[in-house]
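> Following this message is one structure expressed as structure tokens.
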Amino acid sequence: MSRIASVLERIDADLPQSLDRLFSLLRIPSISTDPAHAADCRRAAEWLVEDLKTIGFVASVRDTPGHPMVVAHHEGPAGSPHLLFYGHYDVQPVDPLSLWHDDPFDPKIKTIEGGHEVITGRGSSDDKGQLMLFVEACRAWKAVHGGLPARITLLFEGEEESGSPSLKPFLEANAAELKADFAMVCDTGMWDRETPAICVGLRGLVGQEITIRAANRDLHSGEFGGAAANPNRVLAKILGDLHDETGRVTIPDFYDGVEETPTQILQSWTALGETAEDFLGPIGLSVPSGEQGRTVQELTWARPTAEINGMWGGYTGAGFKTVIPAEAHAKISFRLVHKQNPDAIRDNFQQFVRDRLPADCSVEFHPHGGSPAIQLSYDSPFLVKAQGALSDEWPKTAVTIAMGGSIPIVGDFQTYLGMESLLVGFALSDDRIHSPNEKYDLQSFHKGTRSWARILDAVSGASA
């Protein structure tokens with residue numbers, strides 16, 4: 001019997017005990033955004049430390065200005081790679097509680113429509129269930145072979161759901177301890193219930209709020225209409241100029257650093273079989289509105305965007321009030337790809353606005369953060385090995401995908417630790433993360449644990 005086969009058998013046999021441990025962690029209401037749960041966040045960190053010690057990790061709770069980090073180390077065979085695994089133990093608030101079918105912190109195994117068994121409760125998918133997959137894979141390796149196949153460092157955060165304010169300073173201060181050959185992040189999902197996925201691209205983000213002002217007070221639209229500048233109209237014209245008739249963003253130099261996605265990757269995305277109707281139909285739409293001539297996968301995974309997230313100005317209450325407002329506001333977000341520079345995007349947008357500002361109007365800008373895109377190598381040896389390992393476990397071959405959203409920790413690992421990351425997750429699109437009735441498929445937990453054991457085997461060269 002191969003080394004990995006015996007580990008997989010152990011995972012199967014220990015599934016009930018693995019679920020018991022996960023349920024113990026899920027019962028801790030570690031809501032990082034609510035100060036009332038600060039003690040619960042620390043309790044979750046301490047629970048993880050004690051559990052990791054039973055596997056042989058040297059583990060500790062590390063204080064930060066906010067909620068603590070958990071850091072743990074385990075040695076591996078001489079010459080084996082050093083792997084850093086990241087997850088987060090904090091969870092989202094549960095409001096509105098009335099919409100939950102069960103107590104969000106009393107996890108259960110339930111059977112849902114389609115006959116699928118699921119784990120219920122806040123954090124079951126995001127991210128305690130995913131975090132414990134790797135821990136349980138390590139537990140099985142240690143139980144069977146007396147050690148782990150590689151040198152492993154674990155970093156579990158307690159503030160991911162509240163913006164990770166302590167993470168960057170912690171990485172910078174502890175870079176020498178945490179730096180590894182590559183990082184692994186389990187906070188993503190499957191392509192579908194039978195097809196595992198590795199994420200190789202994450203869009204960056206720039207947030208910008210603007211305020212345009214004209215008169216020194218709201219004006220009567222009958223008395224001043226036609227003569228006084230209207231900030232609402234000025235703002236609408238500027239924002240309307242952001243895109244041309246083909247859907248391209250018109251900000252000068254916006255596409256600097258944007259590369260075309262390799263043809264073979266585009267073909268692999270097309271082979272996934274998701275049409276524009278499949279993607280847009282469930283939300284009541286049918287026609288892509290972005291750059292013409294591109295698929296929805298390319299538009300959402302590999303192309304930059306400029307989106308107006310909110311606009312307001314003047315009277316918006318019940319009834320009608322005939323005023324020309326003194327000011328108008330908007331919030332705009334830019335999703336970035338490849339080598340786009342967040343600072344340059346912000347500067348160029350601000351100049352774009354100023355260039356269109358008429359007389360008697362002024363503008364004020366309020367930044368809301370920025371992070372670059374992450375593009376990982378499509379032919380990374382770690383990725384290739386992981387793809388093979390996943391394909392051995394699941395009914396269908398693992399696919400490489402990208403994500404329209406952002407996971408800032410991946411960029412932080414590149415910036416502060418000089419590491420690329422392997423993004424593998426087993427969540428499903430219907431897991432209702434951040435919503436009432438969050439769940440995690442039992443299959444995701446079981447086969448996800450087996451998957452991480454296989455990945456450890458493949459990237460460490462442990463098979464014999």
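By convention in this document, the chains of the structure tokens carry letters A, B, ... by their order, each chain's residues are numbered from 1, and ligands are numbered from 1 in the order they are shown.
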Residues of range 248-347 of chain A classed as helix (DSSP H, G or I) by DSSP on the backbone are to be reported as a list in words.

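For range 248-347 of chain A, the helix (DSSP H, G or I) set is Thr263, Gln264, Ile265, Leu266, Gln267, Ser268, Trp269, Thr270, Ala276, Glu277, Asp278, Phe279, Leu280, Gly281, Pro282, Ile283, Val296, Gln297, Glu298, Leu299, Thr300, Trp301, Pro342, Asp343, Ala344, Ile345, Arg346 and Asp347 of chain A.
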
> Can those selected residues be exported to a file as a short mmCIF file (atom, residue, chain, number, x, y, z; two decimals), in the first residue's frame so that it contains C-alpha atoms?


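So result38.cif came out as:
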data_model
loop_
_atom_site.label_atom_id
_atom_site.label_comp_id
_atom_site.auth_asym_id
_atom_site.auth_seq_id
_atom_site.Cartn_x
_atom_site.Cartn_y
_atom_site.Cartn_z
CA THR A 263 -5.56 31.46 -25.87
CA GLN A 264 -5.33 28.00 -24.31
CA ILE A 265 -6.65 29.37 -21.02
CA LEU A 266 -9.58 31.07 -22.76
CA GLN A 267 -10.33 27.81 -24.52
CA SER A 268 -10.29 25.92 -21.21
CA TRP A 269 -12.75 28.44 -19.76
CA THR A 270 -15.03 28.07 -22.77
CA ALA A 276 -23.90 34.25 -20.77
CA GLU A 277 -27.48 33.06 -20.32
CA ASP A 278 -26.37 30.56 -17.64
CA PHE A 279 -24.45 33.25 -15.77
CA LEU A 280 -26.88 36.14 -16.07
CA GLY A 281 -30.20 34.32 -16.22
CA PRO A 282 -30.55 33.62 -12.49
CA ILE A 283 -30.28 37.38 -11.77
CA VAL A 296 -18.56 36.29 -19.29
CA GLN A 297 -15.66 34.30 -17.81
CA GLU A 298 -13.13 36.66 -19.38
CA LEU A 299 -15.14 39.72 -18.38
CA THR A 300 -15.43 38.69 -14.74
CA TRP A 301 -12.08 36.95 -14.26
CA PRO A 342 -3.77 50.95 -8.15
CA ASP A 343 -2.14 54.32 -7.42
CA ALA A 344 -1.96 55.19 -11.11
CA ILE A 345 -5.60 54.18 -11.63
CA ARG A 346 -6.69 56.45 -8.77
CA ASP A 347 -4.58 59.38 -9.97
#

> Range 179-191 of chain A: which residues within 9 Å, counting only C-alpha atoms, same-chain residues fewer than 3 positions away excluded, as a short mmCIF file (atom, residue, chain, number, x, y, z; two decimals) with C-alpha atoms, in the first residue's frame?


data_model
loop_
_atom_site.label_atom_id
_atom_site.label_comp_id
_atom_site.auth_asym_id
_atom_site.auth_seq_id
_atom_site.Cartn_x
_atom_site.Cartn_y
_atom_site.Cartn_z
CA PRO A 81 9.63 22.03 1.01
CA HIS A 82 8.44 24.53 3.57
CA LEU A 83 4.71 25.17 3.17
CA LEU A 84 2.64 27.96 4.75
CA PHE A 85 -1.08 27.31 5.13
CA TYR A 86 -3.44 30.22 5.82
CA GLY A 87 -7.03 30.27 7.06
CA HIS A 88 -9.20 32.42 9.31
CA SER A 125 -17.94 27.03 4.90
CA ASP A 126 -16.26 30.39 5.56
CA ASP A 127 -13.75 29.52 6.86
CA GLN A 130 -12.15 24.86 5.09
CA LEU A 131 -9.44 25.57 7.68
CA LEU A 133 -9.61 20.28 6.22
CA PHE A 134 -5.89 20.91 6.26
CA ILE A 152 4.61 23.13 7.63
CA THR A 153 3.72 26.49 9.14
CA ASN A 174 7.34 38.17 11.52
CA ALA A 175 8.46 37.77 7.91
CA ALA A 176 11.56 35.72 8.75
CA GLU A 194 -17.90 17.22 -8.90
CA THR A 195 -15.18 19.50 -10.32
CA PRO A 196 -12.41 20.90 -8.11
CA ALA A 197 -10.81 24.21 -9.02
CA ILE A 198 -7.53 26.01 -8.51
CA CYS A 199 -7.72 29.79 -8.66
CA LEU A 272 -16.47 24.75 -18.86
CA PHE A 382 3.21 23.43 -7.46
CA ALA A 398 -9.46 19.88 -11.72
CA VAL A 399 -9.80 23.15 -13.63
CA ILE A 401 -10.06 29.40 -12.95
CA ILE A 407 -8.41 38.03 -1.50
CA ILE A 409 -3.89 38.06 1.80
CA VAL A 410 -2.52 36.61 -1.44
CA PHE A 413 2.10 37.12 0.90
CA TYR A 416 5.79 40.90 2.59
CA LEU A 417 6.94 37.29 2.27
CA GLY A 418 7.86 37.05 -1.41
CA MET A 419 5.70 33.96 -1.93
CA GLU A 420 3.19 32.85 -4.50
CA SER A 421 0.06 31.07 -3.29
CA LEU A 422 -1.92 28.01 -4.21
CA LEU A 423 -5.63 28.77 -3.89
CA VAL A 424 -7.69 25.63 -3.45
CA GLY A 425 -11.10 25.52 -1.81
CA PHE A 426 -14.11 23.24 -1.61
CA ALA A 427 -16.98 25.64 -1.01
CA LEU A 428 -20.01 25.54 -3.33
CA SER A 429 -21.87 28.48 -4.79
CA SER A 444 -16.69 18.94 0.62
#

> Using only C-alpha atoms, which residues sit within 10 Å of Ala5 in chain A once same-chain residues fewer than 2 positions away are excluded, as a PyMOL selection string?

chain A and resi 1-3+7-11+450+453-454+463

> From a DSSP pass on the backbone, collect the residues of range 214-317 of chain A flagged as strand (DSSP E) and hand them back as a ChimeraX atom specification.

/A:219-220,305-313

> Give me, as number ranges by chain, all polymer residues having an atom no more than 10 Å from Pro252 in chain A, counting only C-alpha atoms and skipping those fewer than 4 positions away in the same chain.

A: 256, 345, 348-349, 351-352

> For Arg139 in chain A, please output as a PyMOL selection string all residues within 12 Å (counting only C-alpha atoms; exclusion window: fewer than 6 positions along the same chain).

chain A and resi 7-8+10-11+14-15+17-18+21+51-57+74+132-133+145-149+449-450+452-453

> Write the residues of the preceding selection, restricted to C-alpha atoms, as a compact mmCIF listing (two decimals), in the first residue's frame.


# COMPACT_ATOMS: atom_id res chain seq x y z
CA VAL A 7 -3.44 8.22 4.96
CA LEU A 8 -6.68 8.31 2.96
CA ARG A 10 -7.22 6.91 8.10
CA ILE A 11 -9.15 10.02 7.02
CA ASP A 14 -11.70 9.14 11.47
CA LEU A 15 -14.43 11.16 9.75
CA GLN A 17 -14.10 12.31 15.10
CA SER A 18 -13.06 14.97 12.58
CA ARG A 21 -13.69 18.56 16.35
CA ASP A 51 -5.87 21.07 19.08
CA LEU A 52 -2.72 21.63 17.01
CA LYS A 53 -0.55 20.66 19.95
CA THR A 54 -2.20 17.23 19.99
CA ILE A 55 -0.84 16.69 16.46
CA GLY A 56 2.66 17.77 17.47
CA PHE A 57 2.68 21.34 16.22
CA HIS A 74 5.92 21.34 12.43
CA MET A 132 -10.01 22.26 9.45
CA LEU A 133 -9.61 20.28 6.22
CA HIS A 145 3.49 7.87 9.45
CA GLY A 146 4.60 9.51 12.69
CA GLY A 147 5.47 12.76 10.96
CA LEU A 148 4.44 15.14 8.20
CA PRO A 149 5.71 14.94 4.61
CA THR A 449 -9.57 16.57 3.66
CA ARG A 450 -8.53 13.75 1.35
CA TRP A 452 -5.26 18.21 0.97
CA ALA A 453 -3.61 14.93 1.98

> Kindly indicate which residue among A:Lys321, A:Arg335, A:His434, A:His329 lies nearest to Phe254 in chain A, using only C-alpha atoms for the distances.

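Answer, going by the shortest atom-to-atom distance: A:Arg335.
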
> My list of candidates is A:Thr120, A:Thr64, A:Thr211, A:Thr250. Which is closest to Pro169 in chain A when distances are computed with only C-alpha atoms?

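For Pro169 in chain A, the nearest of the given residues is A:Thr64.
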